[in-house]
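Chemist: Here's a structure for you.
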Amino acid sequence: MQENLRENIAGLMPEVTEFEKPFWDCLQNKKVLMVQKCDDCDHIQFPSSPVCSKCLSGAVSWIPCSGKSKLWSKVTFHKKYLEQYSDVPYSVALAKLEEGPMVTGRITNENATAAQFDAPLLIRYIETADGTVLVEFVPE
Amino acid sequence: MRMSGKFPSGVAVVGVGDVDYGKLYQIRNLPGPRDPYEMAAEAFKNALEDSGLKKDDIDGVLCVRDIKKYEYFCYKVGIDKPRLINGLESSGRQSGIALQYAAMAIATGMANTVAVVYSNYGRTASFNYGGDGDGGDPFGILHGMTSPGAQVAAMFHRYCHEYGASEESLAKLAVSNRYHASLNAHSVMKKLFTVEEYMQARYITEPLRLYDYCLINDGAVCMILTSVERAKDLRKPVVEMIATSACGDMASSYMKEDFFYKGLQTVSNELYAVAGVKAEDMDNIQIYDNFTTTILFSLEGIGLCERGGAGDYIDKVGITLGRSPRPINTANHTSETYMQGFNHQVECVRQLRGECGVRQVPNSKLSMYICAAPIISGHIFAAI
């Protein structure tokens with residue numbers, strides 16, 4: 001995937017709290033997407049919460065996801081909304097991880113066109129021009 | 001069901017006021033953004049005039065969107081001791097909720113007569129709608145996923161896969177909305193287009209095209225609510241809010257995997273139970289349509305057809321004035337004006353009063369408003 005236009009992606013980063021820092025550090029430095037697992041009830045969640053959203057336990061751990069997922073939906077942007085994503089048309093995939101949560105990620109226009117709904121996908125990690133690591137979904 | 005099925009008995013909408021959206025839209029080359037308080041003051045004056053009330057009768061004010069500085073607004077229109085006063089944030093889901101807060105205040109005696117005032121200067125202030133990402137999902141915008149149009153586009157794409165729906169059903173909604181807007185002198189867009197022309201329009205976020213999107217235009221709306229008892233002494237025929245309901249649809253994203261279905265069912269079933277009516281009894285229905293797609297989801301969620309059956313409903317029952325037993329969206333966001341649900345609610349009132357001229361739905365006695373969003377809300381209004 002061509003990511004050389006993707007300058008200043010860091011400008012789109014949310015404010016990272018102390019609590020969420022391990023997630024972002026792991027994505028950036030180890031190229032691993034983590035989800036949360038409750039130590040008490042095994043519930044898995046993403047995006048993160050300081051507590052288990054099912055049982056409210058504070059004992060939640062970050063675990064790496066397998067990357068195995070299925071395509072839930074996809075869109076292709078033809079209008080420019082973001083300076084970082086001015087290279088329209090570009091596509092975005094919404095995939096359901098085998099662990100359960102839905103994750104938004106990049107997908108090439110070619111793969112977006114070809115991939116069937118519910119098709120198995122894997123995660124590939126890509127680096128943008130400013131060095132930010134993003135998630136790309138590719139057909140299994 | 002909630003504990004009390006009695007609320008909101010005895011609450012009426014007695015005044016509605018707005019501005020000429022089409023005229024505002026045509027004025028270009030302003031030296032700066034339009035003043036949202038100026039538009040709000042005009043809508044407020046128009047609503048007072050419509051109701052026959054005097055300014056001093058207003059003891060509650062709820063300010064929405066670009067007049068969130070409620071003290072500013074009250075100062076500018078000279079309301080200095082309101083008993084109910086607050087501001088609500090800018091999202092469209094607030095419009096139904098604002099009316100509920102007003103009704104709650106009236107029903108409980110917190111205030112007697114409440115003006116809900118909304119103003120939007122997004123066009124001349126050049127707001128970047130859709131570029132803010134999705135509050136629930138910080139991961140999305142990093143990957144280029146804007147909101148909520150993109151979220152709705154993704155939902156529609158999935159919906160097409162699950163139910164075999166096609167882009168043509170959206171085309172029919174967009175065409176119908178435009179036709180209805182052409183029957184309103186104050187609409188922003190009145191030039192008719194065909195399904196074929198819809199299909200030729202450019203994609204914004206595929207599979208949604210230009211005409212699926214709400215307009216971006218300036219304007220303001222005011223709605224005044226009070227008790228039915230007081231309403232009987234006022235200028236216009238009484239329009240009672242006979243049922244109102246809301247239900248959050250809280251998730252990690254604007255995108256709901258059930259297309260808002262369960263929340264819409266909760267809200268609409270409660271509306272029907274409280275009002276003692278059913279969906280088919282409505283004479284017209286105004287559906288919040290930030291994108292045409294939500295009309296499909298709402299037709300199913302409020303029980304007018306089965307899941308996945310909205311396209312069939314559009315073809316067989318119809319949605320357009322003159323061709324449907326209950327026209328859908330004689331007011332709308334894609335062609336009339338983007339007043340984030342307020343124009344829909346105003347339309348409910350005007351239809352029940354019989355004030356809609358060439359877009360009047362004959363003999364309108366019951367009118368429903370429904371909004372599918374992270375806070376799902378709805379009302380049924382009745383002419384009494």
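Residues in the structure tokens are named by chain (A, B, ... in the order shown) and by number from 1 within that chain; ligands are numbered from 1 in the order shown.
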Show me which bits of chain A are within 10 Å of chain B, counting only C-alpha atoms, as a VMD selection string.
Modeler: chain A and resid 9 to 15 45 to 48 71 to 86 89 to 94 101 to 107 116 to 118 132 to 136
Chemist: Extract the full set of helix (DSSP H, G or I) residues from chain A according to DSSP on the backbone, and format it as an MDAnalysis selection string.
Modeler: chainID A and resid 9:12 21:30 83:85 109:114
Chemist: For Val239 in chain B, which residue among B:Asp18, B:Glu197, B:Glu347, B:Glu38 is the nearest when counting only C-alpha atoms?
Modeler: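 Looking at the shortest contact to Val239 in chain B, the residue is B:Glu347.
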Chemist: Would you compute the distance between CA of Ala102 in chain B and CA of Leu62 in chain B? Give it in Å to one decimal.
Modeler: 7.7 Å
Chemist: Could you jot down the CA of Glu98 in chain A to CA of Gln36 in chain A separation for me, Å, one decimal place?
Modeler: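 The value is 13.5 Å.
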Chemist: Might you pull out every residue within 10 Å of Ala119 in chain A, with only C-alpha atoms counted and same-chain residues fewer than 6 positions away left off, and present them as a VMD selection string?
Modeler: chain A and resid 69 to 72 95 139 to 140
Chemist: Please provide the set of residues having any atom within 9 Å of Gly67 in chain A, restricted to only C-alpha atoms, with same-chain residues fewer than 2 positions apart removed, written as a list in words.
Modeler: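 Here the qualifying residues turn out to be Val32, Leu33, Pro64, Cys65, Ser69, Leu97, Glu98, Leu121, Leu122, Ile123, Arg124 and Phe137 of chain A.
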Chemist: Restricting the output to all heavy atoms, write the selected residues as a compact mmCIF listing (two decimals), in the first residue's frame.
Modeler:
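Below is the file part_1.txt, written as the result:
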# COMPACT_ATOMS: atom_id res chain seq x y z
N VAL A 32 2.10 -4.84 17.07
CA VAL A 32 1.11 -5.80 17.55
C VAL A 32 -0.12 -5.02 18.01
O VAL A 32 0.01 -4.06 18.77
CB VAL A 32 1.65 -6.65 18.72
CG1 VAL A 32 0.54 -7.51 19.33
CG2 VAL A 32 2.80 -7.52 18.26
N LEU A 33 -1.28 -5.43 17.54
CA LEU A 33 -2.53 -4.82 17.99
C LEU A 33 -3.02 -5.59 19.20
O LEU A 33 -3.20 -6.81 19.14
CB LEU A 33 -3.59 -4.88 16.88
CG LEU A 33 -4.95 -4.30 17.25
CD1 LEU A 33 -4.89 -2.77 17.32
CD2 LEU A 33 -6.03 -4.74 16.26
N PRO A 64 -2.33 -9.63 22.99
CA PRO A 64 -2.24 -9.44 21.53
C PRO A 64 -3.40 -10.15 20.85
O PRO A 64 -3.81 -11.22 21.28
CB PRO A 64 -0.91 -10.11 21.17
CG PRO A 64 -0.60 -11.04 22.30
CD PRO A 64 -1.26 -10.49 23.53
N CYS A 65 -3.94 -9.53 19.82
CA CYS A 65 -4.99 -10.21 19.06
C CYS A 65 -4.33 -11.12 18.03
O CYS A 65 -3.17 -10.91 17.65
CB CYS A 65 -5.94 -9.22 18.41
SG CYS A 65 -5.27 -8.38 16.98
N SER A 69 -9.58 -12.21 11.30
CA SER A 69 -10.78 -11.39 11.35
C SER A 69 -11.62 -11.64 10.11
O SER A 69 -11.21 -12.36 9.20
CB SER A 69 -10.38 -9.91 11.43
OG SER A 69 -9.44 -9.61 10.41
N LEU A 97 -12.69 -8.97 14.67
CA LEU A 97 -11.63 -9.88 15.10
C LEU A 97 -12.24 -11.19 15.56
O LEU A 97 -13.38 -11.21 16.04
CB LEU A 97 -10.84 -9.26 16.26
CG LEU A 97 -10.15 -7.93 16.00
CD1 LEU A 97 -9.48 -7.45 17.29
CD2 LEU A 97 -9.14 -8.04 14.88
N GLU A 98 -11.48 -12.27 15.46
CA GLU A 98 -12.02 -13.54 15.96
C GLU A 98 -12.25 -13.48 17.46
O GLU A 98 -13.06 -14.22 18.01
CB GLU A 98 -11.12 -14.73 15.59
CG GLU A 98 -9.79 -14.77 16.30
CD GLU A 98 -9.06 -16.09 16.03
OE1 GLU A 98 -9.65 -16.99 15.42
OE2 GLU A 98 -7.89 -16.19 16.44
N LEU A 121 -9.83 -12.19 6.87
CA LEU A 121 -8.78 -11.20 6.68
C LEU A 121 -7.69 -11.42 7.72
O LEU A 121 -7.93 -12.02 8.76
CB LEU A 121 -9.33 -9.77 6.86
CG LEU A 121 -10.48 -9.33 5.96
CD1 LEU A 121 -10.99 -7.96 6.44
CD2 LEU A 121 -10.05 -9.25 4.50
N LEU A 122 -6.51 -10.91 7.40
CA LEU A 122 -5.42 -10.89 8.37
C LEU A 122 -4.95 -9.46 8.53
O LEU A 122 -5.20 -8.61 7.67
CB LEU A 122 -4.26 -11.77 7.87
CG LEU A 122 -4.53 -13.28 7.81
CD1 LEU A 122 -3.35 -13.99 7.13
CD2 LEU A 122 -4.76 -13.84 9.23
N ILE A 123 -4.23 -9.22 9.62
CA ILE A 123 -3.69 -7.87 9.84
C ILE A 123 -2.25 -7.81 9.36
O ILE A 123 -1.45 -8.73 9.60
CB ILE A 123 -3.76 -7.51 11.35
CG1 ILE A 123 -5.20 -7.20 11.75
CG2 ILE A 123 -2.86 -6.31 11.65
CD1 ILE A 123 -5.38 -6.89 13.22
N ARG A 124 -1.94 -6.74 8.65
CA ARG A 124 -0.57 -6.43 8.27
C ARG A 124 -0.30 -5.05 8.85
O ARG A 124 -1.19 -4.21 8.90
CB ARG A 124 -0.48 -6.40 6.74
CG ARG A 124 0.90 -6.45 6.17
CD ARG A 124 0.83 -6.79 4.68
NE ARG A 124 0.42 -5.62 3.89
CZ ARG A 124 1.28 -4.79 3.31
NH1 ARG A 124 2.58 -4.98 3.41
NH2 ARG A 124 0.84 -3.77 2.61
N PHE A 137 -5.80 -4.37 6.65
CA PHE A 137 -6.40 -5.68 6.50
C PHE A 137 -6.11 -6.22 5.10
O PHE A 137 -6.26 -5.49 4.10
CB PHE A 137 -7.91 -5.63 6.75
CG PHE A 137 -8.25 -5.40 8.19
CD1 PHE A 137 -8.65 -4.14 8.64
CD2 PHE A 137 -8.15 -6.43 9.12
CE1 PHE A 137 -8.94 -3.93 9.98
CE2 PHE A 137 -8.45 -6.23 10.45
CZ PHE A 137 -8.85 -4.97 10.89
Chemist: Sorted by chain and rising residue number, which residues of range 216-282 of chain B lie within 6 Å of range 302-312 of chain B, and what are their closest atom pairs and distances in Å to one decimal, counting only C-alpha atoms, as JSON lines?
Modeler:
{"residue": "B:Leu264", "atom": "CA", "partner": "B:Ile302", "partner_atom": "CA", "distance": 5.9}
{"residue": "B:Gln265", "atom": "CA", "partner": "B:Ile302", "partner_atom": "CA", "distance": 5.7}
{"residue": "B:Ser268", "atom": "CA", "partner": "B:Ile302", "partner_atom": "CA", "distance": 5.3}
Chemist: Counting only C-alpha atoms, what is within 10 Å of range 259-263 of chain B, bar same-chain residues fewer than 3 positions away, as JSON, numbers by chain?
Modeler: {"B": [152, 155, 156, 158, 159, 246, 247, 248, 249, 250, 254, 255, 256, 266, 267, 268, 269, 293, 294, 296, 297, 298, 299, 300, 301, 302, 303, 307, 371, 372, 373, 374, 375, 376, 377]}
